[in-house]
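Asks: The structure file my_file00.cif (mmCIF, C-alpha atoms) is provided below.
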data_query
loop_
_atom_site.label_atom_id
_atom_site.label_comp_id
_atom_site.auth_asym_id
_atom_site.auth_seq_id
_atom_site.Cartn_x
_atom_site.Cartn_y
_atom_site.Cartn_z
CA MET A 84 223.00 200.22 77.95
CA ILE A 85 221.43 202.64 80.44
CA GLY A 86 223.69 205.43 79.20
CA TRP A 87 222.69 204.76 75.59
CA LEU A 88 218.97 204.81 76.49
CA GLY A 89 219.49 208.03 78.42
CA ARG A 90 221.25 209.72 75.53
CA THR A 91 218.59 208.55 73.11
CA ALA A 92 215.77 209.79 75.33
CA THR A 93 217.50 213.10 75.88
CA GLY A 94 218.00 213.51 72.15
CA MET A 95 214.37 212.75 71.41
CA VAL A 96 213.10 215.13 74.08
CA SER A 97 215.43 217.91 72.98
CA THR A 98 214.36 217.41 69.37
CA VAL A 99 210.69 217.68 70.32
CA VAL A 100 211.38 220.78 72.46
CA GLU A 101 213.31 222.33 69.60
CA ALA A 102 210.49 221.54 67.17
CA MET A 103 207.95 223.15 69.51
CA GLU A 104 210.17 226.24 69.80
CA GLU A 105 210.35 226.47 66.02
CA LEU A 106 206.58 226.20 65.87
CA ARG A 107 206.30 229.04 68.39
CA ILE A 108 208.69 231.26 66.46
CA HIS A 109 206.97 230.60 63.14
CA ARG A 110 203.47 230.32 64.54
CA GLY A 111 201.95 232.52 61.83
CA ARG A 112 203.31 230.36 59.04
CA VAL A 113 202.53 227.18 60.97
CA LEU A 114 198.97 228.26 61.67
CA LEU A 115 198.30 228.88 57.99
CA SER A 116 199.93 225.62 56.91
CA LEU A 117 198.08 223.50 59.48
CA ILE A 118 194.58 224.89 59.01
CA GLY A 119 194.16 222.62 56.02
CA VAL A 120 195.41 219.63 58.02
CA ALA A 121 193.01 220.36 60.89
CA LEU A 122 190.10 220.64 58.47
CA ALA A 123 191.14 217.43 56.70
CA VAL A 124 191.38 215.56 60.00
CA CYS A 125 188.03 217.00 61.07
CA ALA A 126 186.49 215.77 57.84
CA LEU A 127 188.18 212.38 58.20
CA ALA A 128 187.06 211.84 61.80
CA SER A 129 183.58 213.15 60.99
CA VAL A 130 183.21 210.76 58.06
CA VAL A 131 184.23 207.79 60.21
CA ALA A 132 181.93 208.87 63.07
CA ALA A 133 179.06 209.68 60.70
CA GLY A 134 179.48 206.24 59.20
CA ALA A 135 178.98 204.70 62.64
CA ILE A 136 175.85 206.82 63.15
CA ALA A 137 174.50 205.90 59.72
CA GLU A 138 175.18 202.24 60.43
CA GLN A 139 173.34 202.47 63.75
CA SER A 140 170.44 204.19 62.01
CA GLY A 141 170.27 201.40 59.45
CA ARG A 142 170.39 198.75 62.15
CA GLU A 143 167.55 200.37 64.07
CA MET A 144 165.42 200.64 60.94
CA GLN A 145 165.94 196.94 60.23
CA GLU A 146 165.28 196.01 63.85
CA ARG A 147 161.93 197.81 63.72
CA SER A 148 160.82 195.63 60.85
CA SER A 149 162.56 192.31 61.54
CA GLY A 150 163.55 192.38 65.21
CA ARG A 151 166.79 192.62 67.11
CA PRO A 152 169.57 190.03 66.78
CA ALA A 153 168.68 187.23 67.24
CA THR A 154 164.90 187.27 66.70
CA VAL A 155 163.60 183.82 65.83
CA GLN A 156 160.11 183.13 64.54
CA PHE A 157 158.34 179.86 65.31
CA GLN A 158 155.34 178.59 63.38
CA PRO A 159 153.41 175.54 64.66
CA MET A 160 152.27 173.11 61.99
CA VAL A 161 149.33 170.83 62.78
CA ALA A 162 146.50 169.24 60.84
CA GLY A 163 143.85 171.96 60.63
CA PRO A 164 143.72 175.31 62.44
CA VAL A 165 145.70 175.74 65.64
CA ASP A 166 143.65 176.71 68.68
CA PRO A 167 145.30 180.03 69.73
CA ALA A 168 144.62 179.42 73.44
CA VAL A 169 146.15 175.93 73.35
CA ALA A 170 149.12 177.13 71.32
CA GLN A 171 149.73 180.05 73.67
CA ALA A 172 149.72 177.80 76.73
CA ALA A 173 152.19 175.44 75.04
CA TRP A 174 154.35 178.39 73.99
CA GLN A 175 154.50 179.80 77.52
CA ARG A 176 155.49 176.43 78.97
CA ALA A 177 158.27 176.05 76.37
CA LEU A 178 159.53 179.58 77.09
CA GLY A 179 159.50 178.94 80.84
CA ARG A 180 161.74 175.90 80.40
CA HIS A 181 164.33 177.97 78.51
CA ASP A 182 164.21 181.19 80.57
CA VAL A 183 163.63 183.38 77.48
CA GLY A 184 163.43 187.05 78.48
CA TYR A 185 161.49 188.48 75.53
CA ALA A 186 158.86 186.74 73.42
CA THR A 187 155.72 187.77 71.60
CA ARG A 188 152.89 186.60 69.42
CA ASN A 189 152.76 188.39 66.11
CA GLY A 190 149.99 188.42 63.54
CA TRP A 191 147.54 190.47 61.53
CA GLY A 192 143.90 191.09 62.32
CA ARG A 193 141.05 193.29 61.22
CA LEU A 194 138.20 195.02 63.03
CA ASP A 195 135.90 197.90 62.14
CA ALA A 196 136.33 201.21 63.94
CA GLN A 197 133.60 203.82 64.25
CA PHE A 198 134.72 207.36 63.39
CA ALA A 199 132.65 210.51 63.18
CA ASP A 200 132.41 210.14 59.40
CA GLY A 201 131.54 206.44 59.39
CA VAL A 202 132.82 202.95 59.95
CA VAL A 203 136.31 202.21 58.64
CA PRO A 204 138.04 198.79 58.40
CA LEU A 205 140.97 198.88 60.78
CA ASP A 206 144.14 196.86 60.08
CA LEU A 207 145.61 195.58 63.32
CA VAL A 208 149.03 194.28 64.29
CA VAL A 209 148.31 191.73 67.01
CA VAL A 210 151.16 191.51 69.52
CA ASP A 211 152.22 190.96 73.11
CA PRO A 212 153.87 193.71 75.23
CA ASP A 213 157.41 192.46 74.53
CA PHE A 214 156.95 193.25 70.84
CA GLY A 215 157.68 196.94 71.49
CA GLU A 216 161.15 196.27 72.88
CA MET A 217 161.96 193.53 70.38
CA HIS A 218 161.05 195.71 67.39
CA ARG A 219 162.02 199.16 68.71
CA VAL A 220 158.51 200.56 68.30
CA ARG A 221 158.75 204.34 68.46
CA LEU A 222 156.01 206.50 69.94
CA ALA A 223 155.18 210.10 69.14
CA GLU A 224 152.72 210.32 72.04
CA GLY A 225 151.63 208.21 74.99
CA ASN A 226 152.91 204.81 76.08
CA TRP A 227 153.38 201.28 74.82
CA PHE A 228 151.54 198.30 76.27
CA VAL A 229 152.38 196.82 79.66
CA ASP A 230 151.30 193.43 80.99
CA ARG A 231 148.34 194.80 82.98
CA ASP A 232 146.80 196.24 79.78
CA ALA A 233 145.65 192.72 78.93
CA ASP A 234 143.21 192.91 81.88
CA ARG A 235 141.49 196.11 80.72
CA LEU A 236 137.76 195.93 80.22
CA ALA A 237 138.22 198.49 77.44
CA PRO A 238 140.92 197.10 75.09
CA ALA A 239 143.96 199.32 74.66
CA LEU A 240 145.17 200.45 71.25
CA VAL A 241 148.41 202.02 70.09
CA VAL A 242 147.40 203.76 66.88
CA ASN A 243 149.25 205.36 64.01
CA GLU A 244 149.16 209.10 63.41
CA ALA A 245 146.59 208.75 60.61
CA PHE A 246 144.17 207.14 63.10
CA TRP A 247 144.88 209.87 65.66
CA ASN A 248 144.35 212.61 63.08
CA ARG A 249 141.01 211.11 62.14
CA LEU A 250 139.93 211.34 65.76
CA GLY A 251 140.92 215.02 65.83
CA ARG A 252 144.24 214.51 67.73
CA PRO A 253 142.66 214.48 71.21
CA PRO A 254 145.09 214.69 74.18
CA LEU A 255 145.90 211.18 75.37
CA GLU A 256 145.58 212.40 78.96
CA THR A 257 141.82 212.52 78.33
CA HIS A 258 141.82 208.77 77.49
CA PRO A 259 140.22 209.10 74.04
CA THR A 260 138.14 206.15 72.90
CA THR A 261 136.74 204.71 69.69
CA PRO A 262 133.93 202.15 69.30
CA LEU A 263 134.82 198.83 67.68
CA VAL A 264 131.92 197.35 65.71
CA GLY A 265 131.35 193.92 64.28
CA THR A 266 133.10 192.25 67.21
CA ALA A 267 132.03 189.17 69.11
CA THR A 268 131.04 191.45 71.99
CA PRO A 269 130.43 195.24 71.89
CA ALA A 270 133.59 197.08 72.86
CA THR A 271 135.05 200.55 73.09
CA ALA A 272 138.82 200.78 72.73
CA VAL A 273 140.96 203.36 74.54
CA ILE A 274 143.94 204.99 72.83
CA ILE A 275 147.09 204.82 74.97
CA GLY A 276 149.80 205.65 72.41
CA VAL A 277 150.49 207.03 68.95
CA THR A 278 153.24 205.95 66.56
CA PRO A 279 154.75 208.64 64.30
CA SER A 280 153.87 208.90 60.63
CA ARG A 281 156.16 206.98 58.29
CA GLY A 282 155.64 209.34 55.38
CA GLU A 283 153.08 211.02 53.18
CA TRP A 284 151.77 207.63 52.05
CA ASP A 285 150.92 206.57 55.63
CA THR A 286 147.28 207.72 55.56
CA THR A 287 145.36 204.54 56.44
CA PRO A 288 144.27 204.12 60.08
CA GLN A 289 146.13 201.23 61.69
CA ALA A 290 146.72 200.10 65.25
CA TYR A 291 148.52 197.67 67.52
CA VAL A 292 146.40 195.57 69.86
CA LEU A 293 147.27 192.96 72.45
CA ALA A 294 146.71 189.38 71.31
CA ASP A 295 144.52 188.40 74.27
CA ALA A 296 142.28 191.42 73.72
CA TYR A 297 141.97 190.70 70.01
CA LEU A 298 141.08 187.05 70.57
CA ALA A 299 138.29 188.15 72.93
CA LEU A 300 136.97 190.62 70.34
CA ALA A 301 137.40 188.69 67.10
CA SER A 302 134.32 187.17 65.55
CA GLU A 303 134.16 183.40 65.42
CA THR A 304 133.53 183.69 61.69
CA ALA A 305 136.74 183.85 59.69
CA ASP A 306 137.47 187.22 58.14
CA PRO A 307 137.23 186.97 54.33
CA MET A 308 140.39 189.09 53.98
CA THR A 309 142.66 187.72 56.71
CA GLY A 310 141.09 184.35 57.47
CA THR A 311 141.22 182.79 60.93
CA PHE A 312 143.73 184.52 63.19
CA GLN A 313 146.84 182.35 63.36
CA PRO A 314 149.74 184.16 65.05
CA SER A 315 153.39 183.33 64.69
CA TYR A 316 155.57 183.22 67.78
CA GLU A 317 158.78 185.20 68.17
CA ALA A 318 161.57 184.96 70.71
CA TRP A 319 164.55 187.26 71.20
CA LEU A 320 167.50 184.98 71.90
CA PRO A 321 171.17 185.69 72.71
CA PRO A 322 172.95 185.75 69.31
CA GLU A 323 175.83 183.60 70.53
CA GLN A 324 173.39 180.85 71.63
CA ALA A 325 170.74 181.35 68.97
CA ASP A 326 171.25 178.10 67.07
CA GLU A 327 171.22 175.83 70.12
CA LEU A 328 168.31 177.62 71.81
CA THR A 329 166.27 177.71 68.60
CA GLU A 330 166.50 173.97 68.12
CA SER A 331 165.76 173.21 71.77
CA LEU A 332 162.87 175.68 71.93
CA LYS A 333 161.40 174.32 68.70
CA GLN A 334 161.43 170.77 70.03
CA ALA A 335 159.96 171.84 73.37
CA PHE A 336 157.17 173.81 71.67
CA ALA A 337 156.27 170.85 69.45
CA ALA A 338 156.31 168.50 72.42
CA GLU A 339 154.02 170.81 74.40
CA LEU A 340 151.57 170.95 71.49
CA GLY A 341 151.47 167.17 71.47
CA GLY A 342 150.16 164.83 68.83
CA GLU A 343 151.88 165.01 65.47
CA ALA A 344 152.56 168.74 65.72
CA THR A 345 155.76 170.09 64.27
CA VAL A 346 157.26 173.56 64.50
CA GLU A 347 159.12 175.47 61.80
CA SER A 348 161.61 178.17 62.82
CA TRP A 349 163.71 180.80 61.13
CA ARG A 350 165.57 183.94 62.04
CA THR A 351 164.14 187.23 60.80
CA ASP A 352 166.81 189.72 61.94
CA TYR A 353 169.45 191.19 59.63
CA ALA A 354 172.32 189.50 61.50
CA ALA A 355 171.12 186.09 60.29
CA TYR A 356 172.53 186.72 56.82
CA ASP A 357 176.07 185.76 55.90
CA GLY A 358 178.57 188.56 55.59
CA ASP A 359 178.43 192.13 56.78
CA PRO A 360 175.39 193.91 55.31
CA TYR A 361 177.10 197.24 55.97
CA LEU A 362 180.35 196.35 54.16
CA PRO A 363 179.55 198.55 51.10
CA LEU A 364 178.94 201.53 53.40
CA LYS A 365 182.20 200.91 55.24
CA LEU A 366 184.14 200.64 51.98
CA VAL A 367 182.69 203.93 50.74
CA ILE A 368 183.61 205.61 54.03
CA ALA A 369 187.14 204.19 53.85
CA GLY A 370 187.52 205.47 50.28
CA VAL A 371 186.39 208.97 51.21
CA ALA A 372 188.72 208.96 54.22
CA VAL A 373 191.72 207.97 52.07
CA VAL A 374 190.99 210.73 49.56
CA ILE A 375 190.72 213.31 52.36
CA LEU A 376 193.98 212.07 53.86
CA LEU A 377 195.84 212.24 50.54
CA LEU A 378 194.61 215.76 49.84
CA GLY A 379 195.74 216.90 53.30
CA ALA A 380 199.14 215.26 52.86
CA LEU A 381 199.65 216.82 49.43
CA GLY A 382 198.85 220.33 50.65
CA LEU A 383 201.11 220.04 53.68
CA LEU A 384 203.98 218.57 51.61
CA THR A 385 203.88 221.52 49.23
CA ILE A 386 203.98 224.04 52.07
CA ALA A 387 206.74 222.14 53.90
CA LEU A 388 208.99 222.06 50.82
CA VAL A 389 208.54 225.80 50.26
CA THR A 390 209.25 226.43 53.95
CA VAL A 391 212.54 224.52 53.87
CA ARG A 392 213.67 226.53 50.87
CA THR A 393 213.21 229.72 52.88
CA ARG A 394 215.20 228.29 55.83
CA ILE A 395 218.33 227.21 53.98
CA ARG A 396 220.46 229.95 55.56
CA GLU A 397 219.22 229.06 59.04
CA ILE A 398 220.01 225.38 58.46
CA GLY A 399 223.50 226.21 57.18
CA ILE A 400 224.28 228.29 60.26
CA ARG A 401 223.12 225.48 62.55
CA ARG A 402 225.32 222.99 60.68
CA SER A 403 228.29 225.32 60.96
CA PHE A 404 227.87 225.37 64.74
CA GLY A 405 228.05 221.57 64.91
CA ALA A 406 224.48 220.35 64.38
CA THR A 407 224.66 216.85 62.93
CA ALA A 408 222.77 215.75 59.85
CA GLY A 409 220.61 213.51 62.02
CA ARG A 410 219.77 216.38 64.36
CA VAL A 411 218.75 218.60 61.46
CA PHE A 412 216.76 215.78 59.86
CA PHE A 413 214.77 214.98 63.00
CA SER A 414 214.31 218.65 63.86
CA VAL A 415 212.61 219.38 60.53
CA LEU A 416 210.67 216.12 60.62
CA MET A 417 209.48 216.53 64.22
CA GLU A 418 208.49 220.14 63.57
CA THR A 419 206.01 218.92 60.98
CA MET A 420 204.82 215.95 63.06
CA VAL A 421 204.29 217.99 66.23
CA GLY A 422 202.36 220.58 64.25
CA THR A 423 200.16 217.99 62.57
CA PHE A 424 199.57 216.27 65.93
CA VAL A 425 198.22 219.50 67.36
CA ALA A 426 196.18 220.03 64.19
CA GLY A 427 194.84 216.49 64.52
CA VAL A 428 193.72 217.06 68.09
CA VAL A 429 192.01 220.31 67.08
CA GLY A 430 190.35 218.63 64.10
CA VAL A 431 189.04 215.74 66.21
CA GLY A 432 187.72 218.24 68.77
CA ILE A 433 185.80 220.10 66.06
CA SER A 434 184.46 216.80 64.75
CA ILE A 435 183.23 215.79 68.20
CA ALA A 436 181.46 219.14 68.58
CA VAL A 437 179.77 218.76 65.19
CA LEU A 438 178.69 215.15 65.79
CA ARG A 439 177.32 216.01 69.26
CA SER A 440 175.14 218.77 67.83
CA PRO A 441 171.56 218.20 66.57
CA LEU A 442 172.87 218.30 62.98
CA PRO A 443 173.32 214.50 62.49
CA ALA A 444 169.76 213.78 63.65
CA MET A 445 168.46 216.49 61.31
CA LEU A 446 170.34 214.99 58.37
CA LEU A 447 169.06 211.50 59.19
CA GLY A 448 165.52 212.83 59.50
CA SER A 449 164.94 211.10 62.84
CA GLU A 450 166.45 210.61 66.25
CA LEU A 451 168.21 207.38 67.11
CA ASP A 452 167.06 205.30 70.05
CA ASP A 453 170.65 204.43 70.89
CA MET A 454 172.81 207.31 69.71
CA PRO A 455 176.36 205.92 69.50
CA GLY A 456 179.07 207.83 71.27
CA PHE A 457 181.87 209.39 69.27
CA PRO A 458 183.80 206.32 68.12
CA VAL A 459 187.20 205.93 69.75
CA GLU A 460 188.50 204.57 66.45
CA ALA A 461 187.47 207.81 64.72
CA ALA A 462 189.56 209.85 67.18
CA VAL A 463 192.51 207.44 66.91
CA ILE A 464 192.30 207.39 63.11
CA GLY A 465 192.07 211.18 63.00
CA VAL A 466 195.07 211.88 65.24
CA GLY A 467 197.04 208.94 63.79
CA ALA A 468 196.36 210.13 60.26
CA ALA A 469 197.50 213.63 61.19
CA VAL A 470 200.79 212.31 62.59
CA ALA A 471 201.26 210.03 59.56
CA VAL A 472 200.62 212.95 57.24
CA GLY A 473 203.14 215.01 59.20
CA ALA A 474 205.74 212.24 58.90
CA LEU A 475 205.18 211.79 55.17
CA ALA A 476 205.01 215.48 54.44
CA GLY A 477 208.10 216.20 56.56
CA LEU A 478 210.24 213.40 55.14
CA LEU A 479 211.14 215.05 51.83
CA PRO A 480 211.81 218.49 53.37
CA ALA A 481 213.95 216.83 56.07
CA LEU A 482 215.97 214.98 53.42
CA ALA A 483 216.33 218.23 51.47
CA ALA A 484 217.58 219.99 54.62
CA VAL A 485 220.19 217.30 55.27
CA ARG A 486 221.55 217.59 51.72
CA VAL A 487 222.17 221.32 52.09
CA ARG A 488 225.93 222.08 52.06
CA VAL A 489 227.08 224.48 54.75
CA ILE A 490 229.04 226.80 52.48
CA ASP A 491 226.22 227.04 49.95
CA ALA A 492 223.68 227.66 52.70
CA ILE A 493 225.70 230.52 54.18
CA ARG A 494 226.08 232.13 50.76
CA PHE A 495 222.34 231.82 50.10
#
Please render this file's structure as structure tokens.

Replies:
Amino acid sequence: MIGWLGRTATGMVSTVVEAMEELRIHRGRVLLSLIGVALAVCALASVVAAGAIAEQSGREMQERSSGRPATVQFQPMVAGPVDPAVAQAAWQRALGRHDVGYATRNGWGRLDAQFADGVVPLDLVVVDPDFGEMHRVRLAEGNWFVDRDADRLAPALVVNEAFWNRLGRPPLETHPTTPLVGTATPATAVIIGVTPSRGEWDTTPQAYVLADAYLALASETADPMTGTFQPSYEAWLPPEQADELTESLKQAFAAELGGEATVESWRTDYAAYDGDPYLPLKLVIAGVAVVILLLGALGLLTIALVTVRTRIREIGIRRSFGATAGRVFFSVLMETMVGTFVAGVVGVGISIAVLRSPLPAMLLGSELDDMPGFPVEAAVIGVGAAVAVGALAGLLPALAAVRVRVIDAIRF
């Protein structure tokens, strides 16, 4: 048994060494024949890796609007308006009992801001500091809220770029301010951060404001456009425990509110939906990868068949000196496979260099918060595809080499 394994291993090693020697001797021909394979593998690995980047980009875009998995929204239901202070106290007690790491109030408000050219109604997103992490809020300048911002005498605002442009884009280091009019008490807000523009249509001044600051500023009279401020409550829960924690947190919140209060809950993140929302993208990527692989295999097969035809005399001489059919078969096959393996490694290396450059971010039009590393599966698929292509493309030439008769080959 040991002797058989030794002979087999020796034969395999000698075949590989012989294939590498043939590649060295015919390196010019090999280089030309494998350039296409390297480019095909580069394209294949790049498509797979770009798909992962595009998927991450899509996830981040959805998380900015609907929250990270699993973001659950809770809405208290009572007879009449809910007192925001009472609801917030009940919410904090319910969160404390469940050790929830990230939670926020979320709602819409409206105040009037004084600019140099007049008073402008200002749409506000009313949040708590955790909202920024839960919804991946991106900043072009400045900083997001922290807990101590709730204690500011001058309420803090994180404004959009349209708001900042209207102020004249003052440096945030100078702590620019804007008067808020029509509030319960006179106030001047300080700008601490700026969110980037979302497009040419994003021209209306908007801002984020902390919920406690907004409640102190809001007029007791209900706004005719938005009505009385009634926030919803969001919690970022572990996806694997989302169902159990949602039900328990909902019951605890209702119990803390007391009376006949009930609480409705639902998930808002993309992962709440059945199925894989990125399945169509993955199928398209798989289809493109298969086409690239087939084109690379076809080109290499054509070159390999032509190459064997030019080596008939060499094969005949080797057979006449005692080379077995199996030795000739594996020599031709391994020559192709070793070459495509090297081409695969080179192609994956080029793909990694391309994907690590600023080009993907430029094509996506934005930078990712969590840029995924080069996927291991892309490298494995690239090199594995190259070896598979080498095996398929070398099979027919190897069979053709075995069928060559010694006498005919010598006469050739």

Asks: Selected by the PyMOL selection byres ((chain A and resi 145) around 10) in the shown coordinates: which residues, as a list in words?

Replies: Gln139, Ser140, Gly141, Arg142, Glu143, Met144, Glu146, Arg147, Ser148, Ser149, Gly150, Arg151, His218, Arg219, Thr351, Asp352, Tyr353 and Ala354 of chain A

Asks: Under the PyMOL selection byres ((chain A and resi 271) around 7), which residues of this model are included? Write them out as a list of chain:residue names.

Replies: A:Ala237, A:Thr260, A:Thr261, A:Pro262, A:Leu263, A:Ala270, A:Ala272, A:Val273

Asks: Using only C-alpha atoms, pick whichever of A:Pro238, A:Gly184, A:Gly201, A:Gly134 has the shortest atom-to-atom distance to A:Phe214.

Replies: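 Among the listed residues, A:Gly184 lies closest to A:Phe214.
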
Asks: Could you tell me how far atom CA of A:Gln324 sits from atom CA of A:Gly342, in Å to one decimal place?

Replies: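 Distance reported for this atom pair: 28.4 Å.
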
Asks: Once you count all atoms listed in the file, what closest atom pair and distance in Å to one decimal does each residue of stretch 224-284 of chain A within 12 Å of stretch 189-193 of chain A have, with rows by chain and rising residue number, as a Markdown table?

Replies:
| residue | atom | partner | partner_atom | distance |
| --- | --- | --- | --- | --- |
| A:Leu263 | CA | A:Arg193 | CA | 10.5 |
| A:Val264 | CA | A:Arg193 | CA | 11.0 |
| A:Gly265 | CA | A:Arg193 | CA | 10.2 |
| A:Thr266 | CA | A:Arg193 | CA | 10.0 |

Asks: For the atom pair atom CA of A:Pro288 and atom CA of A:Pro269, what is the interatomic distance in Å to one decimal place?

Replies: 20.2 Å

Asks: Figure out the distance between atom CA of A:Ala173 and atom CA of A:Glu339, please, to one decimal in Å.

Replies: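 Between atom CA of A:Glu339 and atom CA of A:Ala173 the gap works out to 5.0 Å.
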
Asks: Counting only C-alpha atoms, which residues come within 6 Å of (201.2, 214.0, 55.1), with the point read in the file's coordinates, and could you list them as a ChimeraX atom specification?

Replies: /A:380,471-473,475-476

Asks: Distance cut-off 9 Å, centre (180.0, 209.6, 63.3) in file coordinates, counting only C-alpha atoms: which residues qualify? Return them as JSON, numbers by chain.

Replies: {"A": [128, 129, 130, 131, 132, 133, 134, 135, 136, 137, 434, 435, 438, 443, 455, 456, 457, 458, 461]}

Asks: Which of these residues is nearest to A:Leu332, using only C-alpha atoms: A:Cys125, A:Val161, A:Gly179, A:Trp284?

Replies: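 Using only C-alpha atoms, the shortest distance to A:Leu332 belongs to A:Gly179.
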
Asks: Could you spell out the hits of the PyMOL selection byres ((chain A and resi 199) around 10) on the shown file, as a PDB file with C-alpha atoms, in the coordinates of the input?

Replies:
ATOM      1  CA  GLN A 197     133.600 203.820  64.250  1.00  0.00           C
ATOM      2  CA  PHE A 198     134.720 207.360  63.390  1.00  0.00           C
ATOM      3  CA  ASP A 200     132.410 210.140  59.400  1.00  0.00           C
ATOM      4  CA  GLY A 201     131.540 206.440  59.390  1.00  0.00           C
ATOM      5  CA  VAL A 202     132.820 202.950  59.950  1.00  0.00           C
ATOM      6  CA  ARG A 249     141.010 211.110  62.140  1.00  0.00           C
ATOM      7  CA  LEU A 250     139.930 211.340  65.760  1.00  0.00           C
ATOM      8  CA  GLY A 251     140.920 215.020  65.830  1.00  0.00           C
ATOM      9  CA  THR A 261     136.740 204.710  69.690  1.00  0.00           C
TER      10      THR A 261
END

Asks: For A:Glu283, which residue out of A:Leu236, A:Ala245, A:Pro212, A:Val373 is the nearest one, using all atoms listed in the file?

Replies: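 The closest residue to A:Glu283 is A:Ala245.
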
Asks: Taking into account all atoms listed in the file, which residue in the set A:Val124, A:Ala338, A:Ala290, A:Ala168 is nearest to A:Val466?

Replies: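 With all atoms listed in the file as the atom set, the closest residue is A:Val124.
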
Asks: Nearest residue to A:Phe246 out of A:Val208, A:Val463, A:Val292, A:Ala196, using all atoms listed in the file?

Replies: A:Ala196

Asks: Which is closer to A:Gly465 than all the others in A:Met160, A:Val437, A:Val120, A:Leu127, using all atoms listed in the file?

Replies: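 The shortest atom-to-atom distance to A:Gly465 comes from A:Leu127.
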